[in-house]
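What's in structure15.cif: mmCIF, C-alpha atoms
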data_coords
#
loop_
_atom_site.label_atom_id
_atom_site.label_comp_id
_atom_site.auth_asym_id
_atom_site.auth_seq_id
_atom_site.Cartn_x
_atom_site.Cartn_y
_atom_site.Cartn_z
CA MET A 26 0.00 0.00 0.00
CA LYS A 27 1.12 3.56 -0.74
CA ILE A 28 -0.15 6.41 1.45
CA GLU A 29 0.20 10.05 0.40
CA VAL A 30 -0.26 12.86 2.93
CA LEU A 31 -0.67 16.54 1.99
CA THR A 32 -0.02 18.91 4.87
CA LEU A 33 1.32 22.29 5.89
CA PHE A 34 3.25 20.67 8.73
CA PRO A 35 5.28 17.73 7.38
CA GLU A 36 7.56 17.79 10.43
CA MET A 37 4.72 16.38 12.53
CA TYR A 38 5.02 13.05 10.75
CA SER A 39 8.39 12.29 12.31
CA ALA A 40 6.25 10.65 15.01
CA MET A 41 5.35 7.96 12.47
CA ASN A 42 8.95 6.74 12.52
CA SER A 43 8.53 5.32 16.02
CA GLY A 44 7.26 2.02 17.37
CA VAL A 45 5.28 -0.49 15.32
CA ILE A 46 4.56 1.97 12.49
CA GLY A 47 8.20 2.97 12.26
CA ARG A 48 9.32 -0.65 11.98
CA ALA A 49 6.64 -1.28 9.34
CA LEU A 50 7.91 1.66 7.28
CA GLU A 51 11.49 0.45 7.57
CA SER A 52 10.48 -2.99 6.34
CA SER A 53 8.40 -1.49 3.50
CA ALA A 54 5.20 -3.13 4.74
CA PHE A 55 3.66 0.05 3.36
CA VAL A 56 4.96 3.34 1.94
CA LEU A 57 4.23 6.76 3.45
CA ASN A 58 4.98 9.94 1.47
CA VAL A 59 4.46 13.34 3.10
CA THR A 60 4.21 16.45 0.89
CA ASN A 61 4.25 20.10 1.93
CA ILE A 62 1.28 21.90 0.37
CA ARG A 63 3.24 25.19 0.43
CA ASP A 64 5.54 23.82 -2.26
CA PHE A 65 2.65 24.11 -4.72
CA SER A 66 1.60 27.65 -3.88
CA ALA A 67 1.77 30.06 -6.81
CA ASP A 68 2.05 32.97 -4.39
CA LYS A 69 5.58 34.40 -4.22
CA HIS A 70 5.43 34.22 -0.41
CA LYS A 71 4.09 30.64 -0.54
CA LYS A 72 0.86 31.80 1.07
CA THR A 73 -1.82 29.10 1.39
CA ASP A 74 -4.66 30.86 3.24
CA ASP A 75 -6.91 33.90 2.95
CA TYR A 76 -9.92 35.56 4.55
CA ALA A 77 -13.30 33.87 4.18
CA PHE A 78 -15.91 35.36 1.85
CA GLY A 79 -18.85 36.50 3.95
CA GLY A 80 -16.68 37.29 6.94
CA GLY A 81 -16.06 35.34 10.09
CA ALA A 82 -13.13 34.55 12.31
CA GLY A 83 -10.06 32.72 11.06
CA MET A 84 -8.52 31.99 7.69
CA VAL A 85 -9.42 29.45 5.01
CA MET A 86 -6.93 27.43 2.94
CA THR A 87 -7.01 28.64 -0.66
CA PRO A 88 -7.92 26.21 -3.45
CA GLN A 89 -4.96 26.64 -5.84
CA PRO A 90 -2.13 25.08 -3.76
CA LEU A 91 -4.30 22.16 -2.64
CA HIS A 92 -5.78 21.46 -6.05
CA ASP A 93 -2.38 21.56 -7.72
CA ALA A 94 -0.76 19.40 -5.03
CA ILE A 95 -3.47 16.75 -5.20
CA ASN A 96 -3.43 16.50 -8.98
CA SER A 97 0.34 16.65 -9.28
CA ILE A 98 0.82 13.73 -6.90
CA ASP A 99 -2.21 11.78 -8.12
CA PRO A 100 -2.77 12.87 -11.76
CA GLU A 101 -4.67 9.72 -12.72
CA HIS A 102 -6.79 9.67 -9.55
CA LYS A 103 -5.52 6.25 -8.46
CA CYS A 104 -5.72 7.26 -4.80
CA LYS A 105 -8.80 7.22 -2.65
CA ARG A 106 -8.68 10.85 -1.56
CA ILE A 107 -9.73 11.56 2.02
CA TYR A 108 -10.18 14.93 3.72
CA LEU A 109 -10.14 14.87 7.53
CA SER A 110 -13.01 17.04 8.68
CA PRO A 111 -15.42 17.41 11.65
CA LYS A 112 -18.19 17.24 9.03
CA GLY A 113 -17.13 13.78 7.86
CA LYS A 114 -18.42 10.33 8.64
CA VAL A 115 -17.17 9.23 12.06
CA PHE A 116 -14.23 6.84 11.78
CA ASN A 117 -14.57 3.35 13.25
CA GLN A 118 -12.90 -0.05 13.18
CA ALA A 119 -14.89 -1.26 10.18
CA MET A 120 -13.68 1.74 8.18
CA ALA A 121 -10.10 1.00 9.23
CA VAL A 122 -10.41 -2.53 7.88
CA GLU A 123 -11.95 -1.31 4.62
CA LEU A 124 -9.31 1.38 4.05
CA SER A 125 -6.52 -1.13 4.71
CA LYS A 126 -7.58 -2.97 1.54
CA ALA A 127 -6.85 0.02 -0.72
CA GLU A 128 -3.70 0.09 -2.84
CA ASN A 129 -3.39 3.89 -2.78
CA LEU A 130 -4.66 6.40 -0.24
CA MET A 131 -4.31 10.15 -0.02
CA PHE A 132 -5.01 12.19 3.11
CA VAL A 133 -5.60 15.92 2.71
CA CYS A 134 -4.94 17.82 5.95
CA GLY A 135 -6.68 21.12 6.41
CA SER A 136 -5.66 23.83 8.86
CA TYR A 137 -7.05 27.12 10.20
CA GLU A 138 -10.81 27.20 9.54
CA GLY A 139 -10.62 24.47 6.90
CA ILE A 140 -10.23 24.34 3.14
CA ASP A 141 -12.09 25.99 0.26
CA GLU A 142 -15.24 23.96 -0.46
CA ARG A 143 -14.41 23.79 -4.16
CA VAL A 144 -11.41 21.56 -3.46
CA ILE A 145 -13.75 19.13 -1.73
CA GLN A 146 -16.11 19.21 -4.71
CA LEU A 147 -13.35 18.79 -7.30
CA ASP A 148 -10.78 16.58 -5.66
CA VAL A 149 -11.98 14.76 -2.52
CA ASP A 150 -13.65 11.35 -2.50
CA GLU A 151 -14.60 11.11 1.17
CA GLU A 152 -14.62 13.18 4.36
CA ILE A 153 -13.77 11.44 7.65
CA SER A 154 -13.99 12.66 11.24
CA ILE A 155 -12.33 10.98 14.21
CA GLY A 156 -14.89 12.29 16.68
CA ASP A 157 -17.32 15.00 17.67
CA TYR A 158 -14.77 17.65 18.56
CA VAL A 159 -12.66 20.19 16.69
CA LEU A 160 -8.84 20.19 16.43
CA THR A 161 -6.47 22.82 15.03
CA GLY A 162 -5.86 20.79 11.88
CA GLY A 163 -6.15 17.47 10.11
CA ASP A 164 -2.70 16.10 10.89
CA LEU A 165 -3.43 14.34 14.19
CA PRO A 166 -6.64 12.79 12.78
CA THR A 167 -4.66 11.62 9.73
CA MET A 168 -2.08 9.94 11.93
CA VAL A 169 -4.83 8.29 13.97
CA VAL A 170 -6.47 6.88 10.83
CA ILE A 171 -3.15 5.69 9.36
CA ASN A 172 -2.23 4.02 12.65
CA ALA A 173 -5.57 2.23 12.86
CA LEU A 174 -5.71 1.00 9.26
CA SER A 175 -2.02 0.02 9.11
CA ARG A 176 -2.58 -2.67 11.73
CA TYR A 177 -4.54 -4.62 9.12
CA ILE A 178 -1.79 -4.43 6.51
CA PRO A 179 0.17 -7.72 6.29
CA ASN A 180 3.52 -7.72 8.13
CA VAL A 181 2.78 -4.60 10.19
CA LEU A 182 1.86 -6.55 13.31
CA GLY A 183 3.88 -9.53 14.41
CA ASN A 184 0.70 -11.50 15.10
CA MET A 185 -2.44 -10.79 13.08
CA GLU A 186 -4.51 -12.50 15.78
CA SER A 187 -4.04 -9.27 17.74
CA THR A 188 -6.57 -7.59 15.46
CA GLU A 189 -9.15 -10.30 16.09
CA GLU A 190 -9.21 -10.16 19.88
CA GLU A 191 -9.24 -6.44 20.56
CA SER A 192 -11.81 -3.76 21.28
CA PHE A 193 -14.48 -3.23 18.59
CA SER A 194 -13.43 -6.28 16.54
CA GLU A 195 -16.77 -7.93 17.34
CA GLY A 196 -18.64 -4.84 18.49
CA LEU A 197 -17.46 -5.27 22.08
CA LEU A 198 -14.74 -3.63 24.15
CA GLU A 199 -11.69 -5.72 25.01
CA TYR A 200 -11.46 -7.94 28.09
CA PRO A 201 -8.95 -7.14 30.93
CA GLN A 202 -5.34 -8.23 30.41
CA TYR A 203 -2.92 -9.51 33.08
CA THR A 204 0.73 -10.56 33.24
CA ARG A 205 3.32 -11.39 35.93
CA PRO A 206 3.46 -11.12 38.90
CA PHE A 207 0.38 -13.02 40.04
CA ASN A 208 0.01 -10.70 43.07
CA PHE A 209 0.70 -6.99 42.66
CA LEU A 210 0.09 -4.72 45.68
CA GLY A 211 -2.53 -7.15 46.95
CA LEU A 212 -4.38 -7.44 43.64
CA GLU A 213 -4.33 -10.94 42.18
CA VAL A 214 -4.86 -12.29 38.68
CA PRO A 215 -8.27 -14.00 38.33
CA GLU A 216 -7.83 -17.72 39.04
CA VAL A 217 -9.55 -18.74 35.82
CA LEU A 218 -6.67 -17.30 33.77
CA ILE A 219 -4.16 -19.68 35.34
CA SER A 220 -6.49 -22.68 35.30
CA GLY A 221 -5.27 -23.98 31.94
CA ASP A 222 -8.90 -24.56 30.94
CA HIS A 223 -9.12 -22.77 27.60
CA ALA A 224 -12.90 -23.09 27.34
CA LYS A 225 -13.40 -21.48 30.76
CA ILE A 226 -10.91 -18.74 29.92
CA ALA A 227 -12.70 -17.97 26.65
CA LYS A 228 -16.05 -17.86 28.47
CA TRP A 229 -14.67 -15.55 31.19
CA ARG A 230 -13.15 -13.20 28.66
CA PHE A 231 -16.35 -12.98 26.64
CA GLU A 232 -18.39 -12.28 29.79
CA GLN A 233 -15.94 -9.54 30.74
CA GLN A 234 -16.25 -7.99 27.28
CA VAL A 235 -20.00 -7.99 27.54
CA GLU A 236 -20.09 -6.45 31.02
CA ILE A 237 -17.48 -3.78 30.28
CA THR A 238 -19.26 -2.79 27.06
CA ARG A 239 -22.65 -2.74 28.78
CA GLN A 240 -21.36 -0.44 31.53
CA ARG A 241 -19.08 1.87 29.58
CA ARG A 242 -20.56 1.96 26.07
CA PRO A 243 -24.29 1.19 26.24
CA ASP A 244 -24.59 2.57 22.70
CA LEU A 245 -22.32 -0.21 21.41
CA TYR A 246 -23.97 -2.82 23.60
CA GLU A 247 -27.42 -2.08 22.18
CA LYS A 248 -26.15 -2.88 18.68
CA VAL A 249 -25.01 -6.38 19.64
CA LYS A 250 -27.39 -7.07 22.53
CA GLU A 251 -29.48 -9.76 20.86
CA GLU A 252 -26.46 -11.65 19.55
CA VAL A 253 -24.68 -11.42 22.91
CA GLU A 254 -27.68 -12.59 24.92
CA ALA A 255 -28.12 -15.53 22.56
CA LYS A 256 -24.50 -16.56 23.17
CA LEU A 257 -24.84 -16.20 26.93
CA ALA A 258 -28.16 -18.05 27.18
CA PRO A 259 -27.81 -21.55 28.69
CA LYS A 260 -28.04 -24.23 26.05
CA LYS A 261 -30.99 -26.56 26.33
CA LYS A 262 -30.16 -30.20 26.78
CA ARG A 263 -31.47 -32.47 24.08
CA ARG A 264 -33.99 -35.09 25.09
CA ARG A 265 -33.11 -38.64 24.30
#
Structure re-expressed in C-alpha cells:
Amino acid sequence: MKIEVLTLFPEMYSAMNSGVIGRALESSAFVLNVTNIRDFSADKHKKTDDYAFGGGAGMVMTPQPLHDAINSIDPEHKCKRIYLSPKGKVFNQAMAVELSKAENLMFVCGSYEGIDERVIQLDVDEEISIGDYVLTGGDLPTMVVINALSRYIPNVLGNMESTEEESFSEGLLEYPQYTRPFNFLGLEVPEVLISGDHAKIAKWRFEQQVEITRQRRPDLYEKVKEEVEAKLAPKKKRRR
C-alpha cells in the first residue's frame, strides 16, 4: 500500500517513525509519502490561506495550492482521496479494515478554519472525522487513521490474531489483560486465567467484554445485545 499525505506541517510526521509503524515503514510493509502543500503555492510568499468570503473569524486554505498538489501527486486519480473534517463520517474499526484494503490512499490535511469547499467538490472522494470535537488541523486525525488502518496491513503486526481479539473487533470492548506477577500490591490475577482450561478462559473473557461494554458503552452494547444474549443463554439439553 502507498499512502500520500498533503499537509502544511510535514515535520509532525516524524512521530510515524517510532514504534510499530516505524518498523513497518522500515520494512516497507507500506509506503508513506508526506508532501508540503506550500511547495505548490503560486504565491511568491508561498501563502496558502486567505480571509473567508462572507466574513467570520479565522482563515481558510485557498484552493490553488491544494488542487495543484493533489493533482500533481495523483494525476490519474488512483488514490482514494480523504479529507479529515469534523463534518465527515465518524471513523470506526470497520472503516479502518476497509481502508486497509486500498492500494493507494491520499489524506488531505486542512488547517485554520478548513479548506475551500471547491477543493472538496473537485478533488476529494470522502470526508472522515475521528470524533465529535474540533482540532487545530487534520494532521493528528490523519495519523490516527493511518495508525488504525495500518494494523490490518500484512507484516505490520507480528501476530495478526491481535486484530481479532481487541476492542471493537466484534462490536465489544476488550477484556482485561494480566501478566506477571500473580500478586501486585494485593491485587491478584483471576484464578480462571491460570487454570489452563481454555474453554473457561474464553467464556470468562467474553463475559468480561459484555459487562465492560454494557457499563461503559451502552450505545455499542445495544447494537449487539441480541447476539450477545443468545450466546450467553444456557443451552438446552437435548432429550433422548
Open item on the list: Translate the PyMOL selection byres ((chain A and resi 234-239) around 9) into a concrete residue list for this structure, as a ChimeraX atom specification.
Closed with: /A:192,196-201,229-233,240-247,250,253
note - atom CA of A:Glu151 and atom CA of A:Ile107 are separated by 5.0 Å
Proximity check stretch 173-238 of chain A to stretch 124-134 of chain A, 10 Å, nearest pairs one decimal Å, only C-alpha atoms, as CSV:
residue,atom,partner,partner_atom,distance
A:Ala173,CA,A:Ser125,CA,8.9
A:Leu174,CA,A:Ser125,CA,5.1
A:Ser175,CA,A:Ser125,CA,6.4
A:Arg176,CA,A:Ser125,CA,8.2
A:Tyr177,CA,A:Ser125,CA,6.0
A:Ile178,CA,A:Ser125,CA,6.0
A:Pro179,CA,A:Ser125,CA,9.5
Could you write out as a ChimeraX atom specification the residues that the PyMOL selection byres ((chain A and resi 111) around 7) matches in the shown file? /A:110,112-113,154,157-159
ask   = At a cut-off of 12 Å from (5.6, 25.9, -3.9) in the coordinates of the file, what residues are picked up using only C-alpha atoms, written as a PyMOL selection string?
value = chain A and resi 33+60-73+89-91+93-94+97
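The coordinates place atom CA of A:Gln118 at 27.7 Å from atom CA of A:Lys225.
Distance check against A:Asn42 using only C-alpha atoms: of A:Val144, A:Met168, A:Ala121, A:Leu182, the minimum falls on A:Met168.
Taking atom CA of A:Ala49 as the reference point, atom CA of A:Asp99 is found at 23.5 Å.
Proximity ranking of A:Ala40, A:Asn180, A:Pro100, A:Gly156 relative to A:Ser53 places A:Asn180 first, based on only C-alpha atoms.
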Of A:Phe207, A:Tyr108, A:Tyr38, A:Phe55, the one sitting nearest A:Ser136 when using only C-alpha atoms is A:Tyr108
So that I can see what lies close to stretch 76-78 of chain A, please list as a CSV table (one decimal) with C-alpha atoms, in the frame of the given file the residues with an atom at most 12 Å from it, counting all atoms listed in the file and leaving out residues fewer than 5 positions away in the same chain.
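Here's the written file part-v4.csv:
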chain,number,residue,atom,x,y,z
A,83,GLY,CA,-10.1,32.7,11.1
A,84,MET,CA,-8.5,32.0,7.7
A,85,VAL,CA,-9.4,29.4,5.0
A,86,MET,CA,-6.9,27.4,2.9
A,87,THR,CA,-7.0,28.6,-0.7
A,137,TYR,CA,-7.0,27.1,10.2
A,138,GLU,CA,-10.8,27.2,9.5
A,139,GLY,CA,-10.6,24.5,6.9
A,140,ILE,CA,-10.2,24.3,3.1
A,141,ASP,CA,-12.1,26.0,0.3
A,142,GLU,CA,-15.2,24.0,-0.5
Restricting to all atoms listed in the file, whichever of A:Asn96, A:Ser220, A:Asn117, A:Thr32 is closest to A:Asp164 is A:Thr32
